[in-house]
Every structure is written in structure tokens, then in C-alpha cells.
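What follows is the content of my_file-v4.cif (mmCIF, C-alpha atoms).
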```cif
data_entry
#
loop_
_atom_site.label_atom_id
_atom_site.label_comp_id
_atom_site.auth_asym_id
_atom_site.auth_seq_id
_atom_site.Cartn_x
_atom_site.Cartn_y
_atom_site.Cartn_z
CA MET A 863 0.00 0.00 0.00
CA GLU A 864 2.86 2.37 0.87
CA TYR A 865 5.30 3.64 -1.70
CA LEU A 866 8.90 4.84 -1.57
CA ILE A 867 11.14 5.89 -4.44
CA GLY A 868 14.69 7.17 -4.79
CA ILE A 869 16.64 8.44 -7.81
CA GLN A 870 20.35 9.25 -7.72
CA GLY A 871 21.78 11.94 -9.99
CA GLN A 872 25.36 13.13 -10.58
CA ASP A 873 25.51 15.30 -7.47
CA PHE A 874 22.15 14.78 -5.72
CA VAL A 875 19.63 12.17 -4.61
CA LEU A 876 15.92 12.71 -5.12
CA VAL A 877 13.51 10.82 -2.85
CA ALA A 878 9.75 10.68 -2.51
CA ALA A 879 7.26 8.87 -0.27
CA ASP A 880 3.48 8.73 -0.19
CA ASN A 881 1.65 10.49 2.64
CA ILE A 882 -1.06 8.03 3.67
CA ALA A 883 -1.14 6.34 7.07
CA ALA A 884 -3.76 3.60 6.86
CA ASN A 885 -5.36 1.15 9.25
CA SER A 886 -6.99 -1.75 7.38
CA ILE A 887 -9.42 -0.04 4.99
CA ILE A 888 -9.39 3.44 6.59
CA GLN A 889 -7.02 6.34 5.77
CA MET A 890 -6.11 7.61 9.24
CA LYS A 891 -3.84 10.45 8.16
CA GLN A 892 -3.20 12.09 4.78
CA ASP A 893 -0.06 14.05 5.66
CA GLN A 894 2.19 11.43 7.25
CA ASP A 895 5.89 12.15 6.75
CA LYS A 896 7.72 8.86 6.20
CA MET A 897 11.17 10.41 5.93
CA PHE A 898 13.45 10.60 8.97
CA LYS A 899 16.37 12.99 9.09
CA LEU A 900 19.34 10.99 10.35
CA SER A 901 21.79 13.85 9.97
CA ASP A 902 22.27 17.03 7.95
CA LYS A 903 22.82 15.06 4.75
CA ILE A 904 21.16 11.70 5.32
CA LEU A 905 17.48 10.76 5.06
CA LEU A 906 15.91 7.44 6.01
CA LEU A 907 12.64 6.56 4.29
CA CYS A 908 10.80 3.87 6.21
CA VAL A 909 7.62 1.85 5.53
CA GLY A 910 6.24 -1.43 6.86
CA GLU A 911 4.57 -2.68 10.01
CA ALA A 912 2.77 0.11 11.88
CA GLY A 913 4.75 1.07 14.95
CA ASP A 914 7.88 -0.81 13.86
CA THR A 915 8.58 1.91 11.29
CA VAL A 916 8.74 4.86 13.69
CA GLN A 917 10.30 2.82 16.51
CA PHE A 918 13.14 1.51 14.35
CA ALA A 919 13.72 4.74 12.41
CA GLU A 920 13.84 6.91 15.55
CA TYR A 921 16.16 4.41 17.26
CA ILE A 922 18.59 4.59 14.32
CA GLN A 923 18.21 8.38 14.18
CA LYS A 924 19.18 8.85 17.83
CA ASN A 925 22.10 6.43 17.55
CA ILE A 926 23.46 8.33 14.55
CA GLN A 927 23.21 11.55 16.61
CA LEU A 928 24.98 9.84 19.53
CA TYR A 929 27.84 8.90 17.20
CA LYS A 930 28.11 12.56 16.22
CA MET A 931 28.23 13.68 19.87
CA ARG A 932 30.80 11.03 20.85
CA ASN A 933 33.14 11.47 17.90
CA GLY A 934 32.69 15.07 16.81
CA TYR A 935 31.76 14.22 13.22
CA GLU A 936 28.83 12.54 11.49
CA LEU A 937 28.67 9.04 10.08
CA SER A 938 28.96 8.84 6.30
CA PRO A 939 25.87 7.59 4.39
CA LYS A 940 27.64 4.29 3.65
CA ALA A 941 28.48 3.77 7.32
CA ALA A 942 24.98 4.76 8.39
CA ALA A 943 23.46 2.32 5.89
CA ASN A 944 25.64 -0.52 7.12
CA PHE A 945 24.94 0.36 10.75
CA THR A 946 21.20 0.26 10.01
CA ARG A 947 21.54 -3.05 8.19
CA LYS A 948 23.45 -4.60 11.09
CA ASN A 949 20.82 -3.51 13.58
CA LEU A 950 18.03 -4.87 11.36
CA ALA A 951 19.91 -8.15 10.88
CA ASP A 952 20.51 -8.58 14.62
CA TYR A 953 16.84 -8.04 15.41
CA LEU A 954 15.83 -10.38 12.59
CA ARG A 955 17.09 -13.43 14.47
CA SER A 956 15.63 -12.36 17.79
CA ARG A 957 12.14 -12.83 19.16
CA THR A 958 11.28 -9.26 18.14
CA PRO A 959 12.18 -8.63 14.50
CA TYR A 960 11.33 -5.29 12.87
CA HIS A 961 9.24 -5.63 9.72
CA VAL A 962 10.34 -2.51 7.82
CA ASN A 963 11.45 -1.66 4.28
CA LEU A 964 13.90 1.22 3.94
CA LEU A 965 15.58 3.57 1.54
CA LEU A 966 18.58 5.47 2.84
CA ALA A 967 19.67 8.50 0.81
CA GLY A 968 22.67 10.65 1.56
CA PHE A 969 25.43 12.88 0.29
CA ASP A 970 29.04 12.28 1.23
CA GLU A 971 31.80 14.88 0.84
CA THR A 972 34.19 12.39 -0.75
CA ASP A 973 31.95 9.75 -2.34
CA GLY A 974 29.17 12.03 -3.54
CA PRO A 975 25.47 11.05 -3.57
CA GLY A 976 24.36 7.55 -2.52
CA LEU A 977 21.07 5.64 -2.45
CA TYR A 978 20.82 2.43 -0.46
CA TYR A 979 17.98 -0.10 -0.70
CA MET A 980 17.21 -2.21 2.38
CA ASP A 981 14.39 -4.66 2.94
CA HIS A 982 12.86 -6.41 5.92
CA LEU A 983 15.21 -9.37 5.53
CA SER A 984 18.08 -6.95 6.01
CA ALA A 985 19.39 -7.10 2.45
CA LEU A 986 21.43 -4.00 1.58
CA ALA A 987 22.18 -2.82 -1.93
CA LYS A 988 23.54 0.46 -3.27
CA ALA A 989 21.52 1.34 -6.36
CA PRO A 990 21.12 4.24 -8.79
CA PHE A 991 17.34 4.07 -8.36
CA ALA A 992 15.04 2.01 -6.15
CA ALA A 993 11.46 1.71 -4.96
CA HIS A 994 9.44 -0.09 -2.27
CA GLY A 995 5.84 -1.22 -2.16
CA TYR A 996 3.36 -2.53 -4.74
CA GLY A 997 4.02 0.67 -6.66
CA ALA A 998 7.56 -0.55 -7.27
CA TYR A 999 6.24 -3.27 -9.60
CA LEU A 1000 4.65 -0.58 -11.73
CA THR A 1001 7.44 2.00 -11.72
CA LEU A 1002 10.77 0.16 -11.79
CA SER A 1003 10.27 -0.52 -15.48
CA ILE A 1004 9.75 3.17 -16.14
CA LEU A 1005 12.97 3.91 -14.27
CA ASP A 1006 14.76 1.21 -16.27
CA ARG A 1007 13.63 2.83 -19.52
CA TYR A 1008 14.25 6.52 -18.75
CA TYR A 1009 16.96 6.65 -16.08
CA ARG A 1010 20.35 8.12 -16.98
CA PRO A 1011 23.23 8.61 -14.52
CA ASP A 1012 23.67 12.22 -15.68
CA LEU A 1013 20.13 13.39 -14.96
CA THR A 1014 19.76 17.01 -13.97
CA ARG A 1015 17.60 17.95 -11.01
CA ASP A 1016 14.68 18.97 -13.22
CA GLU A 1017 14.94 15.82 -15.34
CA ALA A 1018 14.93 13.69 -12.20
CA VAL A 1019 11.79 15.43 -10.94
CA ASP A 1020 10.16 14.85 -14.36
CA LEU A 1021 11.07 11.18 -14.15
CA LEU A 1022 9.59 11.05 -10.67
CA LYS A 1023 6.41 12.68 -12.01
CA LYS A 1024 6.22 10.04 -14.75
CA CYS A 1025 6.35 7.31 -12.11
CA ILE A 1026 3.65 8.92 -10.02
CA GLU A 1027 1.41 9.44 -13.04
CA GLU A 1028 1.76 5.72 -13.77
CA LEU A 1029 0.71 4.88 -10.23
CA ASN A 1030 -2.25 7.18 -10.56
CA LYS A 1031 -3.24 5.43 -13.77
CA ARG A 1032 -2.67 1.76 -13.01
CA PHE A 1033 -2.43 1.28 -9.24
CA ILE A 1034 -5.64 0.12 -7.64
CA LEU A 1035 -5.19 2.37 -4.62
CA ASN A 1036 -5.50 6.13 -4.70
CA LEU A 1037 -2.34 7.81 -3.40
CA PRO A 1038 -3.26 11.48 -3.50
CA SER A 1039 -0.01 13.09 -2.36
CA PHE A 1040 3.74 12.50 -2.12
CA SER A 1041 6.43 14.27 -0.07
CA VAL A 1042 9.51 15.01 -2.15
CA ARG A 1043 12.99 15.88 -0.90
CA LEU A 1044 16.37 16.40 -2.52
CA ILE A 1045 19.79 15.90 -0.92
CA ASP A 1046 22.91 17.54 -2.31
CA LYS A 1047 26.13 18.97 -0.93
CA GLU A 1048 24.21 21.83 0.70
CA GLY A 1049 21.99 19.44 2.64
CA ILE A 1050 18.37 18.37 2.57
CA HIS A 1051 15.88 20.47 0.58
CA ASP A 1052 12.10 20.18 0.74
CA LEU A 1053 10.53 20.25 -2.71
CA GLU A 1054 6.88 20.82 -3.57
CA LYS A 1055 4.50 18.00 -2.68
CA LEU A 1056 3.39 16.09 -5.76
CA MET A 1057 -0.36 15.67 -6.08
CA PRO A 1058 -1.39 13.78 -9.22
CA VAL A 1059 -4.74 14.93 -10.64
CA GLY A 1060 -7.22 12.45 -12.16
CA ALA A 1061 -6.31 9.67 -14.58
CA LYS A 1062 -5.22 10.47 -18.14
CA MET B 414 41.43 9.03 64.06
CA ALA B 415 40.01 9.47 60.56
CA MET B 416 42.00 6.61 58.96
CA SER B 417 39.64 3.73 59.74
CA TYR B 418 36.60 5.49 58.27
CA ASP B 419 37.78 6.00 54.72
CA ARG B 420 38.19 2.54 53.26
CA ALA B 421 34.58 1.51 52.80
CA ILE B 422 32.91 4.73 51.72
CA THR B 423 29.47 3.58 52.71
CA VAL B 424 30.53 4.33 56.27
CA PHE B 425 30.22 7.73 57.90
CA SER B 426 32.95 9.02 60.20
CA PRO B 427 31.90 9.90 63.76
CA ASP B 428 31.77 13.58 62.94
CA GLY B 429 29.50 13.07 59.92
CA HIS B 430 32.03 13.15 57.06
CA LEU B 431 32.23 10.91 54.01
CA PHE B 432 35.98 11.01 53.73
CA GLN B 433 36.20 9.48 50.24
CA VAL B 434 34.03 12.29 48.95
CA ASP B 435 36.25 14.86 50.66
CA TYR B 436 39.34 13.21 49.19
CA ALA B 437 37.68 13.24 45.76
CA GLN B 438 37.21 16.98 46.16
CA GLU B 439 40.94 17.25 46.84
CA ALA B 440 41.57 15.47 43.53
CA VAL B 441 39.39 18.08 41.85
CA LYS B 442 41.42 20.88 43.39
CA LYS B 443 44.49 19.48 41.66
CA GLY B 444 42.91 19.62 38.20
CA SER B 445 43.42 22.50 35.78
CA THR B 446 41.10 25.47 36.16
CA ALA B 447 37.81 25.75 34.31
CA VAL B 448 35.57 28.81 34.31
CA GLY B 449 31.97 29.26 33.18
CA VAL B 450 29.96 32.44 32.58
CA ARG B 451 26.27 32.75 31.78
CA GLY B 452 25.38 35.80 29.70
CA LYS B 453 22.00 36.87 28.38
CA ASN B 454 22.42 35.46 24.87
CA VAL B 455 25.60 33.47 25.11
CA VAL B 456 27.14 30.93 27.50
CA VAL B 457 30.91 30.58 27.77
CA LEU B 458 33.23 27.87 29.11
CA GLY B 459 36.99 28.38 29.35
CA VAL B 460 39.66 25.95 30.48
CA GLU B 461 43.32 26.23 31.29
CA LYS B 462 45.17 24.15 28.70
CA LYS B 463 47.63 21.79 30.30
CA ILE B 464 51.15 22.22 29.02
CA VAL B 465 51.84 19.14 26.91
CA ALA B 466 55.14 17.39 26.35
CA LYS B 467 57.03 18.38 23.20
CA LEU B 468 56.25 15.16 21.35
CA GLN B 469 52.59 15.04 22.39
CA GLU B 470 49.82 16.14 20.05
CA ASP B 471 47.83 18.67 21.98
CA ARG B 472 44.64 18.00 20.06
CA THR B 473 44.01 14.81 22.01
CA VAL B 474 43.50 16.65 25.31
CA ARG B 475 39.95 17.98 25.04
CA LYS B 476 38.49 19.26 28.28
CA ILE B 477 35.36 20.84 26.85
CA CYS B 478 32.89 18.21 25.63
CA SER B 479 29.66 18.66 23.74
CA LEU B 480 26.85 16.58 25.27
CA ASP B 481 24.09 17.46 22.81
CA ASP B 482 23.29 20.22 20.31
CA ASN B 483 22.16 22.48 23.17
CA VAL B 484 24.42 21.48 26.11
CA PHE B 485 28.15 21.23 26.67
CA MET B 486 30.42 20.87 29.68
CA ALA B 487 33.92 21.26 31.09
CA PHE B 488 35.40 19.45 34.07
CA ALA B 489 38.25 19.60 36.58
CA GLY B 490 39.85 16.51 38.07
CA LEU B 491 40.46 12.95 36.82
CA THR B 492 40.15 12.98 33.02
CA ALA B 493 39.40 9.26 32.83
CA ASP B 494 36.49 9.58 35.27
CA ALA B 495 35.17 12.48 33.22
CA ARG B 496 35.16 10.36 30.05
CA ILE B 497 32.73 7.92 31.70
CA ILE B 498 30.40 10.67 32.90
CA VAL B 499 30.45 12.44 29.52
CA ASN B 500 29.65 9.22 27.68
CA ARG B 501 26.73 8.36 29.97
CA ALA B 502 25.40 11.92 29.67
CA ARG B 503 25.58 11.79 25.87
CA VAL B 504 23.62 8.55 25.76
CA GLU B 505 21.05 9.97 28.18
CA CYS B 506 20.59 13.10 26.03
CA GLN B 507 19.68 10.94 23.03
CA SER B 508 17.57 8.62 25.14
CA HIS B 509 15.61 11.62 26.42
CA ARG B 510 15.04 12.79 22.84
CA LEU B 511 13.91 9.31 21.85
CA THR B 512 11.36 8.99 24.67
CA VAL B 513 9.89 12.49 24.79
CA GLU B 514 10.74 13.95 21.34
CA ASP B 515 12.30 17.02 22.97
CA PRO B 516 15.90 17.93 23.78
CA ALA B 517 16.80 17.54 27.46
CA THR B 518 16.95 20.73 29.52
CA VAL B 519 20.31 21.69 31.03
CA GLU B 520 18.88 21.05 34.51
CA TYR B 521 17.71 17.56 33.53
CA ILE B 522 21.10 16.45 32.31
CA THR B 523 22.81 18.07 35.32
CA ARG B 524 20.44 16.18 37.62
CA TYR B 525 21.19 12.97 35.75
CA ILE B 526 24.97 13.43 36.06
CA SER B 527 24.64 14.33 39.74
CA SER B 528 22.56 11.25 40.51
CA ILE B 529 25.20 9.02 38.90
CA LYS B 530 27.84 10.70 41.07
CA GLN B 531 25.71 10.31 44.20
CA ARG B 532 25.12 6.60 43.51
CA TYR B 533 28.88 6.05 43.60
CA THR B 534 29.04 7.63 47.06
CA GLN B 535 26.63 5.06 48.39
CA SER B 536 27.75 1.75 46.86
CA ASN B 537 30.01 -1.00 48.10
CA GLY B 538 33.57 -1.05 46.91
CA ARG B 539 33.17 1.86 44.49
CA ARG B 540 34.91 5.16 44.83
CA PRO B 541 33.32 8.50 43.96
CA PHE B 542 34.07 10.21 40.64
CA GLY B 543 37.01 12.56 41.02
CA ILE B 544 35.56 15.40 38.98
CA SER B 545 33.56 18.57 39.32
CA SER B 546 31.84 19.74 36.18
CA LEU B 547 30.47 22.98 34.77
CA ILE B 548 27.47 22.30 32.52
CA VAL B 549 26.15 25.07 30.29
CA GLY B 550 23.59 25.42 27.57
CA PHE B 551 20.20 26.66 26.47
CA ASP B 552 16.85 25.00 27.14
CA PHE B 553 14.47 24.67 24.20
CA ASP B 554 12.58 27.74 25.45
CA GLY B 555 15.75 29.81 25.07
CA THR B 556 16.79 30.33 28.71
CA PRO B 557 20.55 30.02 29.30
CA HIS B 558 21.84 28.00 32.28
CA LEU B 559 25.11 27.27 34.07
CA TYR B 560 25.28 24.45 36.62
CA GLN B 561 28.10 23.09 38.72
CA THR B 562 28.27 19.49 40.02
CA ASP B 563 30.79 18.04 42.47
CA PRO B 564 31.89 14.53 43.56
CA SER B 565 29.29 14.39 46.33
CA GLY B 566 26.50 14.52 43.76
CA THR B 567 25.14 17.96 44.62
CA TYR B 568 24.50 20.56 41.96
CA HIS B 569 23.77 24.26 41.97
CA ALA B 570 22.95 26.88 39.37
CA TRP B 571 25.41 29.75 38.99
CA LYS B 572 25.72 32.98 37.08
CA ALA B 573 29.48 32.49 36.85
CA ASN B 574 31.79 30.00 38.55
CA ALA B 575 35.19 28.35 38.48
CA ILE B 576 36.46 24.88 39.43
CA GLY B 577 39.84 23.23 39.78
CA ARG B 578 43.19 24.71 40.74
CA SER B 579 42.99 28.37 41.88
CA ALA B 580 39.18 28.22 41.68
CA LYS B 581 38.93 30.48 44.72
CA THR B 582 40.99 33.27 43.11
CA VAL B 583 38.99 33.08 39.89
CA ARG B 584 35.67 33.05 41.72
CA GLU B 585 36.65 36.15 43.71
CA PHE B 586 37.56 37.88 40.44
CA LEU B 587 34.19 36.91 38.98
CA GLU B 588 32.32 38.16 42.04
CA LYS B 589 34.02 41.54 41.69
CA ASN B 590 33.53 41.87 37.94
CA TYR B 591 30.29 40.07 37.03
CA LYS B 592 27.55 42.44 35.87
CA GLU B 593 23.89 41.38 35.81
CA ASP B 594 22.27 40.94 32.37
CA MET B 595 25.40 41.35 30.28
CA GLU B 596 23.73 42.11 26.94
CA SER B 597 26.86 42.05 24.85
CA ASP B 598 28.27 38.65 23.90
CA THR B 599 31.77 40.14 23.70
CA ASP B 600 31.58 41.31 27.34
CA THR B 601 30.61 37.83 28.53
CA ILE B 602 33.42 36.21 26.57
CA LYS B 603 35.91 38.85 27.77
CA LEU B 604 34.91 38.26 31.39
CA ALA B 605 35.65 34.54 31.08
CA ILE B 606 39.01 35.19 29.44
CA ARG B 607 39.97 37.87 31.99
CA ALA B 608 39.06 35.51 34.82
CA LEU B 609 41.27 32.77 33.39
CA LEU B 610 44.13 35.15 32.66
CA GLU B 611 44.31 35.83 36.41
CA VAL B 612 45.63 32.35 37.07
CA VAL B 613 46.97 31.00 33.78
CA GLN B 614 50.64 31.45 32.96
CA SER B 615 51.75 32.96 29.66
CA GLY B 616 48.37 34.28 28.57
CA GLY B 617 46.17 33.37 25.62
CA LYS B 618 48.24 30.45 24.42
CA ASN B 619 47.14 28.34 27.35
CA ILE B 620 43.43 29.04 27.17
CA GLU B 621 40.80 26.93 25.43
CA LEU B 622 37.39 28.58 25.02
CA ALA B 623 33.99 27.41 23.83
CA ILE B 624 30.87 29.50 23.38
CA MET B 625 27.26 28.77 22.52
CA LYS B 626 24.79 31.38 21.32
CA ARG B 627 21.03 30.76 21.55
CA ASP B 628 19.82 28.38 18.77
CA GLU B 629 23.37 27.76 17.58
CA SER B 630 25.66 24.84 18.25
CA MET B 631 28.80 24.99 20.37
CA LYS B 632 31.75 26.78 18.83
CA MET B 633 35.35 26.32 19.95
CA LEU B 634 37.23 29.57 19.46
CA ALA B 635 40.35 29.37 17.34
CA GLN B 636 43.67 30.36 18.86
CA GLU B 637 43.75 33.60 16.78
CA GLU B 638 40.31 34.67 18.03
CA ILE B 639 41.38 34.13 21.65
CA GLU B 640 44.54 36.16 21.02
CA GLU B 641 42.38 39.00 19.61
CA TYR B 642 40.33 39.11 22.80
CA VAL B 643 43.48 38.97 24.94
CA THR B 644 45.04 41.91 23.07
CA ALA B 645 41.78 43.89 23.45
CA ILE B 646 41.77 43.12 27.18
CA GLU B 647 45.41 44.23 27.59
CA THR B 648 44.73 47.52 25.74
CA GLU B 649 41.74 48.18 28.03
CA LYS B 650 43.87 47.43 31.08
CA GLN B 651 46.55 49.84 29.93
CA LYS B 652 43.97 52.55 29.26
CA LYS B 653 42.70 52.19 32.82
CA THR B 654 46.20 52.51 34.34
#
```
Represent the supplied structure as C-alpha cells.
Amino acid sequence: MEYLIGIQGQDFVLVAADNIAANSIIQMKQDQDKMFKLSDKILLLCVGEAGDTVQFAEYIQKNIQLYKMRNGYELSPKAAANFTRKNLADYLRSRTPYHVNLLLAGFDETDGPGLYYMDHLSALAKAPFAAHGYGAYLTLSILDRYYRPDLTRDEAVDLLKKCIEELNKRFILNLPSFSVRLIDKEGIHDLEKLMPVGAK
Amino acid sequence: MAMSYDRAITVFSPDGHLFQVDYAQEAVKKGSTAVGVRGKNVVVLGVEKKIVAKLQEDRTVRKICSLDDNVFMAFAGLTADARIIVNRARVECQSHRLTVEDPATVEYITRYISSIKQRYTQSNGRRPFGISSLIVGFDFDGTPHLYQTDPSGTYHAWKANAIGRSAKTVREFLEKNYKEDMESDTDTIKLAIRALLEVVQSGGKNIELAIMKRDESMKMLAQEEIEEYVTAIETEKQKKT
């Protein structure tokens, strides 16, 4: 039901998430923010079991901040992604696993932009573009067809719009709005919410 | 007479002293001086830099530690003990944020540190922490605070204070020169530097200073900036005489 998407450009990462918080057949909240700011240049997008998502994401968020306090500098996106994966993996073989699917997007001074895909079985993969949810089945093919590593910011947003239009057209559920954010060397920027109108 | 009452610290002496705590306070008095000043819009912590051996990198001796984005502290006494306290405080700051979604107030974290110190004055086989600390910062409603803790586990709020070697001299200087509601950030910073200069040898080179303005994170002043303040202070002194 929930949807996450990330697209990496030359010097930025564009991410978007839907805004619905549902409970069985009811939409409880239409402006839920599923992105968690881990640090000035890292975002964690988190969907999955209700409760597990916020619990796990906030736990990781505070631990990343603790690292910053203890060591005087922030974890890189790669280190943060691996730290998150390790935590998820440890909990997986305990009596209380977290059922969450994640996208971690960040910008590193030396390595540049990075997008990491993580699922509830604690698989971690660095990818140029990724998506979670049923919507992924409908939009990964669009990304395959139109993605280029040298996308500009505007082109990436257009590509994102294409994906969301496809969801609006073919996905059985109505996802009326999406939060969009962009990470580059200046930090995290909020972009305009995308609200697809009607079916073509 | 006092000898037999200071091995197991859970025991009081006949005249009501906890000797281990008193001895811990002696350890604090041997540590290098730290001074804290609370201004209206800025809080300042200054420490006397220990003179390091020629081959030693002086960057590894950090006596001012950031606990969270809104709180930082300096200590006087056993550096190793301080490391433990600082680490526990850092974890507690994040734990507080995790549970209540708000940054901890300066008083909360001071109370937490003090209760750890007190616990060690009342347990079997453990000795008290040999440090006093000055904890400064801003609460999320913008009020600045300065607290001092000592090995016994008590804490008090101060407008300006000093701990460590020559603390008495520095405190007397502060009492004479502290002005209520110092509006200017420069005046607050200058007061801290002047207080330290009273007891530190060879001036600005041996001073480490950190400031925090409301809604900003802690900033360690660079050596050049400290030297600028020191020169300004010397010119003012000469003008007066």
C-alpha cells in the first residue's frame, strides 16, 4: 500500500514517499511524513509494520546523533546504511524482528550522492534508483527505460512525475499526495509535494 | 582518628564526614582550572590548557565536551572519570530525545549526572568520581543556564563560577567583575578570558574557550580569536592605568 522511491543523480539524490497512514481499509492520516532525518545530509525513508517503522527509524536516528556527539563528526551515508543493516539483521534473528522496508539516501563529501535499498530481511544494496511497495512493480520498469546517470535535477523530478502518473493510472489504490525531498552537498531540501490529478 | 573510616565509603565518620568524597574533592582541586559564565544570549566555558610534552599532540587533550546540540560541559579533576560521565550523559541526552521527542533541559542532564555521582558515594567497593563539572547550555525555550556538580552529587545553578586549581581566586575575580544581564556577547566572553588570565601562565596560548549562542551549536574559538580578545583586554587594562 505504501510507496517509496529514490533516484540518484550526478551530485544529488531525489527521494519521494506517499503520505497516507492507513489502518486496514481506513485512511487515518493524509499528511504522514515517512522520511526521517538521520543527519544534515542523510534521510531514512521507512515503511512497513505500523509502529515498527517509527520505533526503528527513531532508534537509528538517535544512535546516529549519539555517534556525532561522541566522535565530533557525522557518520557517512555508507556507514549509516551498514549500521542500520546490522541492527536490522541482529533483530531479525531475535524474538522481536522489525518488519520494515527502507531507503537510505545521503550525500558524502568524498563519495558524492548515494542511495541504499534495504528490505525487511536486512538485504542491503547500493543502487542508482530504487522503490518499495506494490508501486515498485509498476514503476521500476519506467525507471529502467528513462533513467540516466547524468540526470539534472529537473529531469529527475520529471522522471519522478512520470512514475507517479503511472501509479495514478494503473495502481488500484488512490495515493493522493507524495512528499519530495532532494539531498545535495548543501543538505536536505524540501521540494513541492506532488499531487497527481485524475487519470489520463 | 580518621584513617579507619575512609576505606569503605558507605561508612560515615563519627563527625559526619564521608571522607572518600572529601578526598575526591581534593583530587578536583588538583585539576586544571575551568571557568563558566552565563550571559543573556551566550554561555561561555573556558579551560586552562595543560602544558603538553614536546612530542605530544595537543589536540588529544579535550576538556570541553559537547553533550548534545544544546548542552556542553567542562570538568576539573580525573580525566578518565570524566570520560565515563560524559559518555553516559551523551547517551542519556539521546535517550531523552527518543522517549519524549524534545531535547533535554540543562537542569535535567545536570540532575542525571549528579545522581550518577551520588550513587557512587553510596555503593560498596566503588569510589566517587574525582571530577567537578560545569554544565552550560540553552533550554528549548531559550533560557541560558550554568550548573556546577561536584563529587558528592550535589549541583547548583550559577551565574558564573570556576572549578579546579585556583578556583577560589577566579571566583573572587568573577564576584568583583560580574555584571547582571550582560547584553553584549563580547563582554561575557571577555569576562571569562579575563578571569582565566588571572591564574593561567603565559596568557592566551594556554586558554581553550567554547561558546554557545542561543539556537546555535557549540563553537570552539580558534587560537587567533582568543589572542584577539586577549590583546583587546590588555589595551583596556593599559587605558585604565
May I have the residues of chain B within 12 Å of chain A, counting all atoms listed in the file, written as number ranges by chain?
B: 475, 477-485, 496-497, 499-516, 630-633
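With CA of Thr599 (chain B) on one side and CA of Ala487 (chain B) on the other, the separation reads 20.4 Å.
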Using all atoms listed in the file, which protein or nucleic acid residues come within 8 Å of Ile869 (chain A)? Drop anything in the same chain fewer than 6 positions from it, and give the result as number ranges by chain.
A: 875-877, 977, 990-992, 1018
Atoms to include: C-alpha atoms. Write the selected residues as a PDB file, in the coordinates of the input.
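Written out: result38.pdb:
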```pdb
ATOM      1  CA  VAL A 875      19.630  12.170  -4.610  1.00  0.00           C
ATOM      2  CA  LEU A 876      15.920  12.710  -5.120  1.00  0.00           C
ATOM      3  CA  VAL A 877      13.510  10.820  -2.850  1.00  0.00           C
ATOM      4  CA  LEU A 977      21.070   5.640  -2.450  1.00  0.00           C
ATOM      5  CA  PRO A 990      21.120   4.240  -8.790  1.00  0.00           C
ATOM      6  CA  PHE A 991      17.340   4.070  -8.360  1.00  0.00           C
ATOM      7  CA  ALA A 992      15.040   2.010  -6.150  1.00  0.00           C
ATOM      8  CA  ALA A1018      14.930  13.690 -12.200  1.00  0.00           C
TER       9      ALA A1018
END
```
Rank nothing, just name the residue among B:Asp594, B:Glu520, B:Glu588, B:Glu470 nearest to Ala570 (chain B), using only C-alpha atoms.
B:Glu520
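Applied to the file shown here, the PyMOL selection byres ((chain B and resi 443) around 10) selects Gln438, Glu439, Ala440, Val441, Lys442, Gly444, Ser445, Thr446, Ala489, Gly490, Leu491, Ile576, Gly577, Arg578 and Ser579 of chain B.
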Quick one, how far is CA of Asp552 (chain B) from CA of Ile526 (chain B)?
16.7 Å
Result set, the PyMOL selection byres ((chain A and resi 882) around 12) on current file, as a compact mmCIF listing (two decimals) with C-alpha atoms, in the frame of the given file:
```
# COMPACT_ATOMS: atom_id res chain seq x y z
CA MET A 863 0.00 0.00 0.00
CA GLU A 864 2.86 2.37 0.87
CA TYR A 865 5.30 3.64 -1.70
CA LEU A 866 8.90 4.84 -1.57
CA ALA A 879 7.26 8.87 -0.27
CA ASP A 880 3.48 8.73 -0.19
CA ASN A 881 1.65 10.49 2.64
CA ALA A 883 -1.14 6.34 7.07
CA ALA A 884 -3.76 3.60 6.86
CA ASN A 885 -5.36 1.15 9.25
CA ILE A 887 -9.42 -0.04 4.99
CA ILE A 888 -9.39 3.44 6.59
CA GLN A 889 -7.02 6.34 5.77
CA MET A 890 -6.11 7.61 9.24
CA LYS A 891 -3.84 10.45 8.16
CA GLN A 892 -3.20 12.09 4.78
CA ASP A 893 -0.06 14.05 5.66
CA GLN A 894 2.19 11.43 7.25
CA ASP A 895 5.89 12.15 6.75
CA LYS A 896 7.72 8.86 6.20
CA VAL A 909 7.62 1.85 5.53
CA LEU A 1035 -5.19 2.37 -4.62
CA ASN A 1036 -5.50 6.13 -4.70
CA LEU A 1037 -2.34 7.81 -3.40
CA PRO A 1038 -3.26 11.48 -3.50
CA SER A 1039 -0.01 13.09 -2.36
CA PHE A 1040 3.74 12.50 -2.12
CA SER A 1041 6.43 14.27 -0.07
```
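Atom pair CA of Gly543 (chain B) / CA of Tyr436 (chain B) has a distance of 8.5 Å (rounded to one decimal).
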Do a neighbour search on region 634-645 of chain B at 7 Å with all atoms listed in the file, toss out local chain neighbours closer than 2 positions, and write the hits as a list in words.
Lys603, Gly617, Leu622, Ala623, Lys632, Glu647, Thr648 and Glu649 of chain B
Find the spatial neighbours of Asn619 (chain B), counting all atoms listed in the file, within a cut-off of 10 Å - ignore same-chain residues fewer than 6 positions away - and output them as a ChimeraX atom specification.
/B:460-464,609-610,613,636,639
Given the selection you just returned, output its residues as a file containing C-alpha atoms, formatted as a PDB file, in the frame of the given file.
```
ATOM      1  CA  VAL B 460      39.660  25.950  30.480  1.00  0.00           C
ATOM      2  CA  GLU B 461      43.320  26.230  31.290  1.00  0.00           C
ATOM      3  CA  LYS B 462      45.170  24.150  28.700  1.00  0.00           C
ATOM      4  CA  LYS B 463      47.630  21.790  30.300  1.00  0.00           C
ATOM      5  CA  ILE B 464      51.150  22.220  29.020  1.00  0.00           C
ATOM      6  CA  LEU B 609      41.270  32.770  33.390  1.00  0.00           C
ATOM      7  CA  LEU B 610      44.130  35.150  32.660  1.00  0.00           C
ATOM      8  CA  VAL B 613      46.970  31.000  33.780  1.00  0.00           C
ATOM      9  CA  GLN B 636      43.670  30.360  18.860  1.00  0.00           C
ATOM     10  CA  ILE B 639      41.380  34.130  21.650  1.00  0.00           C
TER      11      ILE B 639
END
```
